[in-house]
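K.L.:
For reference, this is final_34.txt, and it has compact mmCIF, C-alpha atoms and all ligand atoms.
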```txt
# COMPACT_ATOMS: atom_id res chain seq x y z
CA MET A 1303 0.00 0.00 0.00
CA LYS A 1304 1.48 3.33 -1.09
CA LYS A 1305 -1.38 5.83 -0.71
CA ILE A 1306 -4.02 6.02 1.98
CA GLY A 1307 -6.79 8.47 2.85
CA VAL A 1308 -8.42 9.69 6.04
CA LEU A 1309 -11.79 11.32 6.68
CA THR A 1310 -13.91 12.39 9.65
CA SER A 1311 -17.64 11.85 9.50
CA GLY A 1312 -20.83 12.26 11.54
CA GLY A 1313 -21.00 14.42 14.66
CA ASP A 1314 -17.56 15.84 15.42
CA ALA A 1315 -15.81 14.95 18.68
CA PRO A 1316 -12.92 16.55 20.56
CA GLY A 1317 -9.82 14.50 19.79
CA MET A 1318 -10.66 13.89 16.13
CA ASN A 1319 -7.82 16.26 15.20
CA ALA A 1320 -5.40 14.31 17.36
CA ALA A 1321 -6.51 11.14 15.54
CA VAL A 1322 -6.05 12.78 12.11
CA ARG A 1323 -2.59 13.92 13.20
CA ALA A 1324 -1.66 10.40 14.30
CA VAL A 1325 -2.86 8.89 11.00
CA VAL A 1326 -0.96 11.45 8.92
CA ARG A 1327 2.27 11.26 10.91
CA LYS A 1328 2.22 7.47 11.18
CA ALA A 1329 1.65 7.12 7.44
CA ILE A 1330 4.50 9.51 6.62
CA TYR A 1331 6.72 7.70 9.13
CA HIS A 1332 6.17 4.57 7.01
CA ASN A 1333 6.79 6.48 3.74
CA ILE A 1334 3.15 6.25 2.69
CA GLU A 1335 1.41 9.11 0.88
CA ILE A 1336 -1.51 10.34 2.94
CA TYR A 1337 -4.58 12.21 1.65
CA GLY A 1338 -7.14 14.13 3.67
CA VAL A 1339 -10.74 13.82 2.50
CA TYR A 1340 -12.69 16.97 3.41
CA ASN A 1341 -16.37 17.05 4.47
CA GLY A 1342 -16.71 13.33 5.17
CA TYR A 1343 -18.35 11.02 2.62
CA GLN A 1344 -19.94 14.01 0.89
CA GLY A 1345 -16.47 15.40 0.12
CA LEU A 1346 -15.29 11.95 -0.89
CA MET A 1347 -18.00 11.69 -3.58
CA GLU A 1348 -17.15 15.21 -4.76
CA GLY A 1349 -13.41 14.54 -4.87
CA ASN A 1350 -12.59 17.07 -2.16
CA ILE A 1351 -9.29 15.35 -1.40
CA LYS A 1352 -5.87 16.88 -0.72
CA ARG A 1353 -2.41 15.47 -0.09
CA MET A 1354 -1.29 16.00 3.51
CA GLU A 1355 2.23 16.65 4.74
CA LEU A 1356 3.79 16.63 8.20
CA GLY A 1357 3.00 20.34 8.56
CA SER A 1358 -0.67 19.88 7.61
CA VAL A 1359 -1.34 18.52 11.07
CA GLY A 1360 0.95 20.81 13.07
CA ASP A 1361 -0.64 22.67 16.00
CA ILE A 1362 -3.91 20.72 15.89
CA ILE A 1363 -3.52 18.13 18.66
CA GLN A 1364 -5.06 20.56 21.18
CA ARG A 1365 -7.91 21.77 18.98
CA GLY A 1366 -11.53 20.63 19.17
CA GLY A 1367 -13.63 19.99 16.06
CA THR A 1368 -12.01 18.52 12.96
CA ILE A 1369 -9.73 20.25 10.45
CA LEU A 1370 -11.12 17.85 7.82
CA TYR A 1371 -14.68 19.07 8.54
CA SER A 1372 -17.55 16.65 8.87
CA ALA A 1373 -20.90 15.95 7.26
CA ARG A 1374 -23.78 13.49 7.30
CA SER A 1375 -24.43 12.41 3.71
CA GLU A 1376 -27.67 10.84 2.51
CA GLU A 1377 -26.34 10.41 -1.03
CA PHE A 1378 -23.47 8.23 0.14
CA LYS A 1379 -25.97 5.71 1.50
CA THR A 1380 -26.99 4.95 -2.09
CA GLU A 1381 -25.24 2.52 -4.46
CA GLU A 1382 -24.47 5.39 -6.88
CA GLY A 1383 -22.99 7.48 -4.09
CA GLN A 1384 -20.64 4.69 -3.06
CA GLN A 1385 -19.58 4.12 -6.68
CA LYS A 1386 -18.82 7.84 -7.04
CA ALA A 1387 -16.66 7.66 -3.92
CA ILE A 1388 -14.69 4.67 -5.19
CA GLU A 1389 -14.12 6.41 -8.54
CA GLN A 1390 -12.67 9.44 -6.76
CA LEU A 1391 -10.34 7.24 -4.70
CA ASN A 1392 -9.25 5.30 -7.78
CA LYS A 1393 -8.54 8.55 -9.66
CA ILE A 1394 -5.80 9.37 -7.14
CA GLY A 1395 -4.81 5.77 -6.51
CA ILE A 1396 -5.72 5.78 -2.82
CA GLU A 1397 -5.70 2.13 -1.77
CA GLY A 1398 -7.11 2.26 1.74
CA LEU A 1399 -9.27 4.60 3.81
CA ILE A 1400 -9.39 5.40 7.52
CA VAL A 1401 -12.79 6.59 8.73
CA ILE A 1402 -12.96 8.46 12.04
CA GLY A 1403 -16.53 8.67 13.29
CA GLY A 1404 -19.45 6.90 14.93
CA ASP A 1405 -21.61 3.94 13.98
CA GLY A 1406 -23.27 5.75 11.06
CA SER A 1407 -19.84 6.46 9.60
CA PHE A 1408 -18.82 2.84 10.09
CA MET A 1409 -21.81 1.71 8.01
CA GLY A 1410 -20.19 3.64 5.15
CA ALA A 1411 -16.80 2.00 5.83
CA LYS A 1412 -18.54 -1.37 5.89
CA LYS A 1413 -20.18 -0.71 2.51
CA LEU A 1414 -16.90 0.34 0.88
CA THR A 1415 -15.12 -2.71 2.34
CA GLU A 1416 -17.86 -4.99 1.00
CA LYS A 1417 -17.23 -3.46 -2.43
CA GLY A 1418 -13.59 -4.52 -2.15
CA TYR A 1419 -12.28 -1.18 -0.91
CA PRO A 1420 -10.30 -1.61 2.37
CA CYS A 1421 -11.44 0.64 5.22
CA ILE A 1422 -10.56 0.83 8.90
CA GLY A 1423 -12.89 2.54 11.42
CA VAL A 1424 -11.65 4.67 14.32
CA PRO A 1425 -14.38 5.31 16.93
CA GLY A 1426 -14.82 9.06 17.34
CA THR A 1427 -18.02 10.23 19.00
CA ILE A 1428 -18.88 11.83 22.32
CA ASP A 1429 -21.67 9.25 22.80
CA ASN A 1430 -19.41 6.30 23.76
CA ASP A 1431 -21.97 4.04 22.09
CA ILE A 1432 -19.73 1.84 19.95
CA PRO A 1433 -19.46 -1.82 20.94
CA GLY A 1434 -15.94 -3.31 21.01
CA THR A 1435 -14.23 -0.37 22.64
CA ASP A 1436 -14.35 0.77 26.26
CA PHE A 1437 -14.09 4.40 25.19
CA THR A 1438 -14.64 6.45 22.05
CA ILE A 1439 -12.63 9.55 21.18
CA GLY A 1440 -14.36 12.65 22.57
CA PHE A 1441 -16.29 10.99 25.37
CA ASP A 1442 -13.91 12.05 28.13
CA THR A 1443 -13.80 15.67 26.97
CA ALA A 1444 -17.59 15.88 26.67
CA LEU A 1445 -17.93 14.30 30.10
CA ASN A 1446 -15.64 16.94 31.60
CA THR A 1447 -17.53 19.71 29.82
CA ILE A 1448 -20.75 18.41 31.36
CA ILE A 1449 -19.17 18.14 34.81
CA ASP A 1450 -17.91 21.71 34.55
CA ALA A 1451 -21.37 22.95 33.52
CA ILE A 1452 -23.13 21.05 36.30
CA ASP A 1453 -20.68 22.37 38.91
CA LYS A 1454 -21.69 25.87 37.84
CA ILE A 1455 -25.39 25.07 37.81
CA ARG A 1456 -25.02 23.60 41.30
CA ASP A 1457 -23.90 27.02 42.64
CA THR A 1458 -27.02 28.78 41.48
CA ALA A 1459 -29.23 25.78 42.32
CA THR A 1460 -28.03 25.98 45.94
CA SER A 1461 -28.48 29.77 46.15
CA HIS A 1462 -32.09 29.49 45.03
CA GLU A 1463 -32.86 26.08 46.55
CA ARG A 1464 -33.99 24.72 43.22
CA THR A 1465 -34.25 21.36 41.52
CA TYR A 1466 -32.50 21.12 38.16
CA VAL A 1467 -33.12 18.73 35.29
CA ILE A 1468 -30.04 18.73 33.08
CA GLU A 1469 -30.40 17.14 29.66
CA VAL A 1470 -27.21 15.76 28.15
CA MET A 1471 -26.39 14.29 24.74
CA GLY A 1472 -25.68 10.66 23.93
CA ARG A 1473 -28.23 9.92 21.20
CA HIS A 1474 -29.60 6.46 22.19
CA ALA A 1475 -26.90 5.82 24.80
CA GLY A 1476 -26.84 6.80 28.47
CA ASP A 1477 -23.06 6.78 29.05
CA LEU A 1478 -22.59 10.55 29.24
CA ALA A 1479 -25.53 10.85 31.64
CA LEU A 1480 -24.39 7.95 33.79
CA TRP A 1481 -20.77 9.02 34.11
CA ALA A 1482 -21.68 12.68 34.65
CA GLY A 1483 -24.32 11.69 37.19
CA LEU A 1484 -21.84 9.62 39.19
CA ALA A 1485 -19.13 12.28 38.90
CA ASP A 1486 -21.50 15.00 40.01
CA GLY A 1487 -23.41 13.18 42.72
CA ALA A 1488 -26.74 13.61 40.96
CA GLU A 1489 -29.88 12.59 42.87
CA SER A 1490 -31.21 10.65 39.89
CA ILE A 1491 -29.91 9.60 36.49
CA LEU A 1492 -32.38 8.83 33.73
CA ILE A 1493 -30.94 6.73 30.90
CA PRO A 1494 -32.55 4.88 27.99
CA GLU A 1495 -30.97 1.56 29.01
CA LYS A 1496 -32.97 1.48 32.28
CA ALA A 1497 -36.71 1.96 32.41
CA GLU A 1498 -37.49 5.09 34.36
CA ASP A 1499 -39.09 4.68 37.77
CA PHE A 1500 -40.62 8.12 38.08
CA GLU A 1501 -42.07 7.43 41.53
CA GLN A 1502 -38.62 6.63 42.85
CA VAL A 1503 -37.23 9.89 41.40
CA VAL A 1504 -39.98 11.87 43.11
CA GLU A 1505 -39.61 10.04 46.43
CA LYS A 1506 -35.89 10.67 46.46
CA LEU A 1507 -36.42 14.38 45.84
CA LYS A 1508 -38.93 14.58 48.66
CA ARG A 1509 -36.68 12.67 51.07
CA GLY A 1510 -33.85 15.09 50.27
CA GLN A 1511 -36.11 18.07 50.88
CA GLU A 1512 -37.14 16.66 54.27
CA ARG A 1513 -33.48 16.24 55.18
CA GLY A 1514 -32.94 19.93 54.39
CA LYS A 1515 -31.16 19.54 51.08
CA LYS A 1516 -30.66 22.89 49.38
CA HIS A 1517 -30.81 21.68 45.79
CA SER A 1518 -31.23 18.59 43.65
CA ILE A 1519 -29.74 17.60 40.32
CA ILE A 1520 -31.34 15.14 37.92
CA ILE A 1521 -29.39 14.13 34.84
CA LEU A 1522 -31.45 13.14 31.86
CA ALA A 1523 -30.00 11.40 28.79
CA GLU A 1524 -31.53 12.85 25.62
CA GLY A 1525 -32.44 9.31 24.53
CA VAL A 1526 -35.02 9.12 27.35
CA GLY A 1527 -37.03 12.14 26.29
CA ASN A 1528 -37.43 15.86 26.45
CA GLY A 1529 -35.90 17.74 29.40
CA THR A 1530 -38.62 20.38 29.47
CA GLU A 1531 -41.35 17.75 29.77
CA VAL A 1532 -39.51 15.84 32.49
CA GLY A 1533 -38.95 19.11 34.37
CA GLN A 1534 -42.66 19.89 34.18
CA ARG A 1535 -43.61 16.42 35.47
CA ILE A 1536 -41.20 16.80 38.39
CA LYS A 1537 -42.52 20.24 39.23
CA GLU A 1538 -46.10 18.97 39.25
CA ALA A 1539 -45.28 15.88 41.32
CA THR A 1540 -43.10 17.61 43.93
CA GLN A 1541 -44.22 21.26 43.91
CA MET A 1542 -40.51 22.13 44.00
CA GLU A 1543 -39.14 25.08 42.10
CA THR A 1544 -37.68 23.35 39.05
CA ARG A 1545 -35.49 24.55 36.21
CA VAL A 1546 -34.31 22.75 33.07
CA THR A 1547 -30.98 23.14 31.31
CA ILE A 1548 -30.36 21.49 27.95
CA LEU A 1549 -26.60 21.52 27.50
CA GLY A 1550 -26.71 20.97 23.72
CA HIS A 1551 -23.76 21.35 21.37
CA ILE A 1552 -21.47 22.92 23.95
CA GLN A 1553 -20.79 19.26 24.80
CA ARG A 1554 -19.20 18.65 21.41
CA GLY A 1555 -16.65 21.47 21.49
CA GLY A 1556 -13.50 22.39 23.35
CA SER A 1557 -9.92 21.32 23.61
CA PRO A 1558 -9.63 17.54 24.07
CA THR A 1559 -8.55 16.22 27.46
CA GLY A 1560 -5.24 14.44 27.89
CA SER A 1561 -7.04 11.08 27.87
CA ASP A 1562 -8.75 11.85 24.58
CA ARG A 1563 -5.52 13.05 22.96
CA VAL A 1564 -3.70 9.89 24.02
CA LEU A 1565 -6.58 7.63 22.98
CA ALA A 1566 -6.89 9.36 19.60
CA SER A 1567 -3.14 9.12 18.97
CA ARG A 1568 -3.07 5.41 19.81
CA LEU A 1569 -6.16 4.51 17.79
CA GLY A 1570 -5.19 6.61 14.76
CA ALA A 1571 -1.73 5.05 14.60
CA LYS A 1572 -3.14 1.55 15.07
CA ALA A 1573 -5.51 2.09 12.12
CA VAL A 1574 -2.54 2.82 9.85
CA ASP A 1575 -0.74 -0.30 11.12
CA LEU A 1576 -3.78 -2.42 10.26
CA LEU A 1577 -4.06 -1.08 6.72
CA LEU A 1578 -0.33 -1.65 6.18
CA ALA A 1579 -0.72 -5.20 7.49
CA GLY A 1580 -3.27 -5.79 4.72
CA LYS A 1581 -6.33 -5.75 7.02
CA ALA A 1582 -9.69 -4.42 5.85
CA GLY A 1583 -13.12 -3.93 7.36
CA ARG A 1584 -11.79 -3.64 10.91
CA MET A 1585 -12.57 -1.24 13.71
CA VAL A 1586 -9.87 -0.30 16.20
CA GLY A 1587 -10.72 0.06 19.87
CA ILE A 1588 -9.38 -0.01 23.37
CA GLN A 1589 -10.37 -2.68 25.88
CA ASN A 1590 -8.76 -2.97 29.32
CA ASN A 1591 -6.21 -0.39 28.12
CA LYS A 1592 -5.07 -2.67 25.29
CA LEU A 1593 -5.47 -1.79 21.63
CA VAL A 1594 -7.78 -4.24 19.88
CA ASP A 1595 -9.46 -4.56 16.51
CA HIS A 1596 -12.74 -6.16 15.52
CA ASP A 1597 -14.58 -7.04 12.36
CA ILE A 1598 -16.54 -3.86 11.65
CA ILE A 1599 -19.57 -5.76 10.35
CA GLU A 1600 -19.81 -8.10 13.33
CA ILE A 1601 -19.21 -5.36 15.88
CA LEU A 1602 -21.94 -3.12 14.48
CA SER A 1603 -24.47 -5.89 14.97
CA LYS A 1604 -23.71 -6.15 18.71
CA PRO A 1605 -25.75 -4.08 21.19
CA HIS A 1606 -24.06 -1.27 23.06
CA GLN A 1607 -23.66 -2.24 26.73
CA ILE A 1608 -23.86 0.21 29.57
CA ASP A 1609 -22.15 -0.48 32.90
CA MET A 1610 -25.11 -1.38 35.12
CA ASP A 1611 -22.84 -1.76 38.16
CA MET A 1612 -22.07 1.93 37.83
CA TYR A 1613 -25.76 2.71 37.62
CA LYS A 1614 -26.40 0.68 40.78
CA LEU A 1615 -23.54 2.44 42.55
CA SER A 1616 -24.85 5.88 41.63
CA ASN A 1617 -28.18 4.91 43.20
CA GLU A 1618 -26.49 3.59 46.33
CA LEU A 1619 -24.48 6.80 46.73
CA SER A 1620 -27.42 9.13 46.20
CA ILE A 1621 -29.83 7.70 48.78
O1 LIG B 1701 -23.53 11.63 17.94
C1 LIG B 1701 -23.11 12.82 18.53
C2 LIG B 1701 -24.28 13.71 18.82
O2 LIG B 1701 -23.79 14.88 19.42
C3 LIG B 1701 -25.38 13.08 19.68
O3 LIG B 1701 -25.06 13.07 21.04
C4 LIG B 1701 -26.55 13.96 19.33
O4 LIG B 1701 -27.77 13.28 19.51
C5 LIG B 1701 -26.32 14.27 17.88
O5 LIG B 1701 -24.94 14.06 17.63
C6 LIG B 1701 -26.69 15.68 17.46
O6 LIG B 1701 -26.51 15.76 16.10
P1 LIG B 1701 -26.52 17.14 15.29
O7 LIG B 1701 -25.23 17.84 15.58
O8 LIG B 1701 -26.61 16.72 13.88
O9 LIG B 1701 -27.68 17.93 15.79
```
Step by step, read the file and then write its structure as structure tokens.
P.N.:
Amino acid sequence: MKKIGVLTSGGDAPGMNAAVRAVVRKAIYHNIEIYGVYNGYQGLMEGNIKRMELGSVGDIIQRGGTILYSARSEEFKTEEGQQKAIEQLNKIGIEGLIVIGGDGSFMGAKKLTEKGYPCIGVPGTIDNDIPGTDFTIGFDTALNTIIDAIDKIRDTATSHERTYVIEVMGRHAGDLALWAGLADGAESILIPEKAEDFEQVVEKLKRGQERGKKHSIIILAEGVGNGTEVGQRIKEATQMETRVTILGHIQRGGSPTGSDRVLASRLGAKAVDLLLAGKAGRMVGIQNNKLVDHDIIEILSKPHQIDMDMYKLSNELSI
């Protein structure tokens, strides 16, 4: 393999730049030509592809977002879209592609691999919802952004003796909510993986009030439902002064944490190693702090698992 490409796709995640840097530098280290594909699969179909040099990825390891930009492409899901993409790659002679993104992006990598075009997936999403890896790039940074926001909300919640419902991202996964809830000592954590026991949430709030608690924090994963509605239900059931904060896209930005930079560097470099070893249709991941790789097709068919022991612990600690 003499020429490889790299793209970022789907929702961006802090640390994607560190992963791009690792791919580019590792490829050049092995005397491989490396090409950046701009705007995800959309840019791939349009031939928005540029050769990258060592300097192309200088001064980006600390930056959030992605210098390659990102997009969600409907056209690429079609047979014609995928053919267009392969034509563009063939035009330049790119022989393998590294896709940094979430499960939607991996579906694209899977399709290209099935068409005989070798792809390797690198899990980059704040949601931490990809099976086969303990962590995805961006999760730790988003988690710390949430913690920082909740710490601030806690100040004003205490001053006004209010209950707060804080809605966090995660799409269909509750990892961000669960980890943030445990890290922030939330009274209740509502996640899609565990059916909500609304009575228990209300009882806990009332018990806290009786004990003289000055504020309460409830973390709601967006996959469970709408924060405003949950806030209204809580207000009606408890008569407590309740406010709702939807953290939104602030969770996707910011400089990546040390953990995310290290994870991204390790996974990006491993993806290049796999391509050079002649592997295709694999996803790199980290499990028990060891780099692993899995068949991308098999792994996508597995359900995402949440750590229910952590959920139990958060309940035990917030009695
Ligand atoms: O997958 C990352 C993510 O931020 C999810 O947590 C969220 O549901 C979604 O993307 C938001 O997507 P968009 O930026 O397209 O609104």
K.L.:
Hey, which of A:Asn1341, A:Thr1465, A:Gln1384, A:Asn1350 ends up closest to Gln1511 in chain A? Count all atoms listed in the file.
P.N.:
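With all atoms listed in the file as the atom set, the closest residue is A:Thr1465.
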K.L.:
Report the closest atom pair, with its distance in Å rounded to one decimal, for each residue of chain A that has an atom no farther than 9 Å from ligand LIG 1701 (chain B); count all atoms listed in the file, sort by chain and then rising residue number, and write it as a tab-separated table.
P.N.:
```
residue	atom	partner	partner_atom	distance
A:Gly1312	CA	B:LIG1701	O1	7.0
A:Gly1313	CA	B:LIG1701	C1	4.7
A:Asp1314	CA	B:LIG1701	C1	7.0
A:Ala1315	CA	B:LIG1701	C1	7.6
A:Ala1373	CA	B:LIG1701	O8	8.8
A:Arg1374	CA	B:LIG1701	O8	7.9
A:Gly1403	CA	B:LIG1701	O1	8.9
A:Gly1404	CA	B:LIG1701	O1	6.9
A:Asp1405	CA	B:LIG1701	O1	8.9
A:Thr1427	CA	B:LIG1701	C1	5.7
A:Ile1428	CA	B:LIG1701	C1	5.8
A:Asp1429	CA	B:LIG1701	O3	5.4
A:Asn1430	CA	B:LIG1701	O1	8.9
A:Asp1431	CA	B:LIG1701	O1	8.8
A:Val1470	CA	B:LIG1701	O3	7.9
A:Met1471	CA	B:LIG1701	O3	4.1
A:Gly1472	CA	B:LIG1701	O3	3.8
A:Arg1473	CA	B:LIG1701	O4	3.8
A:His1474	CA	B:LIG1701	O4	7.6
A:Ala1475	CA	B:LIG1701	O3	8.4
A:Leu1478	CA	B:LIG1701	O3	8.9
A:Glu1524	CA	B:LIG1701	O4	7.2
A:Gly1525	CA	B:LIG1701	O4	7.9
A:Gly1550	CA	B:LIG1701	O2	8.0
A:His1551	CA	B:LIG1701	O2	6.8
A:Gln1553	CA	B:LIG1701	O2	7.6
A:Arg1554	CA	B:LIG1701	O2	6.3
```
K.L.:
Any idea what's packed within 12 Å of range 1492-1504 of chain A, counting only C-alpha atoms, ignoring anything in its chain fewer than 4 positions away? Could you give it as a PyMOL selection string?
P.N.:
chain A and resi 1431+1465+1467-1484+1488+1508-1511+1518-1529+1532-1533+1535-1542+1605-1610+1613-1614+1616-1617+1620-1621
K.L.:
Please list as a PDB file with C-alpha atoms, in the coordinates of the input every residue within 8 Å of range 1357-1370 of chain A, counting only C-alpha atoms and excluding residues in the same chain fewer than 3 positions away.
P.N.:
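Below you can see selection19.pdb, which holds the result:
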```pdb
ATOM      1  CA  LEU A1309     -11.790  11.320   6.680  1.00  0.00           C
ATOM      2  CA  THR A1310     -13.910  12.390   9.650  1.00  0.00           C
ATOM      3  CA  ASP A1314     -17.560  15.840  15.420  1.00  0.00           C
ATOM      4  CA  ALA A1315     -15.810  14.950  18.680  1.00  0.00           C
ATOM      5  CA  PRO A1316     -12.920  16.550  20.560  1.00  0.00           C
ATOM      6  CA  GLY A1317      -9.820  14.500  19.790  1.00  0.00           C
ATOM      7  CA  MET A1318     -10.660  13.890  16.130  1.00  0.00           C
ATOM      8  CA  ASN A1319      -7.820  16.260  15.200  1.00  0.00           C
ATOM      9  CA  ALA A1320      -5.400  14.310  17.360  1.00  0.00           C
ATOM     10  CA  VAL A1322      -6.050  12.780  12.110  1.00  0.00           C
ATOM     11  CA  ARG A1323      -2.590  13.920  13.200  1.00  0.00           C
ATOM     12  CA  VAL A1326      -0.960  11.450   8.920  1.00  0.00           C
ATOM     13  CA  GLY A1338      -7.140  14.130   3.670  1.00  0.00           C
ATOM     14  CA  VAL A1339     -10.740  13.820   2.500  1.00  0.00           C
ATOM     15  CA  TYR A1340     -12.690  16.970   3.410  1.00  0.00           C
ATOM     16  CA  ASN A1341     -16.370  17.050   4.470  1.00  0.00           C
ATOM     17  CA  GLY A1342     -16.710  13.330   5.170  1.00  0.00           C
ATOM     18  CA  MET A1354      -1.290  16.000   3.510  1.00  0.00           C
ATOM     19  CA  ARG A1554     -19.200  18.650  21.410  1.00  0.00           C
ATOM     20  CA  GLY A1555     -16.650  21.470  21.490  1.00  0.00           C
ATOM     21  CA  GLY A1556     -13.500  22.390  23.350  1.00  0.00           C
ATOM     22  CA  SER A1557      -9.920  21.320  23.610  1.00  0.00           C
ATOM     23  CA  PRO A1558      -9.630  17.540  24.070  1.00  0.00           C
ATOM     24  CA  ARG A1563      -5.520  13.050  22.960  1.00  0.00           C
TER      25      ARG A1563
END
```
K.L.:
Provide the CA of Gly1434 in chain A to CA of Asp1575 in chain A distance in Å, to one decimal place.
P.N.:
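Interatomic distance, CA of Gly1434 in chain A to CA of Asp1575 in chain A: 18.4 Å.
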K.L.:
Give me, as JSON lines, the closest atom pair and its distance (Å, one decimal) for every residue of range 1497-1582 of chain A within a cut-off of 12 Å of range 1420-1425 of chain A, counting all atoms listed in the file, rows sorted by chain and rising number.
P.N.:
```
{"residue": "A:Asp1562", "atom": "CA", "partner": "A:Pro1425", "partner_atom": "CA", "distance": 11.5}
{"residue": "A:Leu1565", "atom": "CA", "partner": "A:Pro1425", "partner_atom": "CA", "distance": 10.1}
{"residue": "A:Ala1566", "atom": "CA", "partner": "A:Val1424", "partner_atom": "CA", "distance": 8.5}
{"residue": "A:Ser1567", "atom": "CA", "partner": "A:Val1424", "partner_atom": "CA", "distance": 10.7}
{"residue": "A:Arg1568", "atom": "CA", "partner": "A:Val1424", "partner_atom": "CA", "distance": 10.2}
{"residue": "A:Leu1569", "atom": "CA", "partner": "A:Val1424", "partner_atom": "CA", "distance": 6.5}
{"residue": "A:Gly1570", "atom": "CA", "partner": "A:Val1424", "partner_atom": "CA", "distance": 6.8}
{"residue": "A:Ala1571", "atom": "CA", "partner": "A:Val1424", "partner_atom": "CA", "distance": 9.9}
{"residue": "A:Lys1572", "atom": "CA", "partner": "A:Val1424", "partner_atom": "CA", "distance": 9.1}
{"residue": "A:Ala1573", "atom": "CA", "partner": "A:Ile1422", "partner_atom": "CA", "distance": 6.1}
{"residue": "A:Val1574", "atom": "CA", "partner": "A:Ile1422", "partner_atom": "CA", "distance": 8.3}
{"residue": "A:Asp1575", "atom": "CA", "partner": "A:Ile1422", "partner_atom": "CA", "distance": 10.1}
{"residue": "A:Leu1576", "atom": "CA", "partner": "A:Ile1422", "partner_atom": "CA", "distance": 7.6}
{"residue": "A:Leu1577", "atom": "CA", "partner": "A:Ile1422", "partner_atom": "CA", "distance": 7.1}
{"residue": "A:Leu1578", "atom": "CA", "partner": "A:Pro1420", "partner_atom": "CA", "distance": 10.7}
{"residue": "A:Ala1579", "atom": "CA", "partner": "A:Pro1420", "partner_atom": "CA", "distance": 11.4}
{"residue": "A:Gly1580", "atom": "CA", "partner": "A:Pro1420", "partner_atom": "CA", "distance": 8.5}
{"residue": "A:Lys1581", "atom": "CA", "partner": "A:Pro1420", "partner_atom": "CA", "distance": 7.4}
{"residue": "A:Ala1582", "atom": "CA", "partner": "A:Pro1420", "partner_atom": "CA", "distance": 4.5}
```
K.L.:
Please, what distance in Å, to one decimal, runs between CA of Ile1432 in chain A and CA of Ile1599 in chain A?
P.N.:
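Separation between CA of Ile1432 in chain A and CA of Ile1599 in chain A: 12.2 Å.
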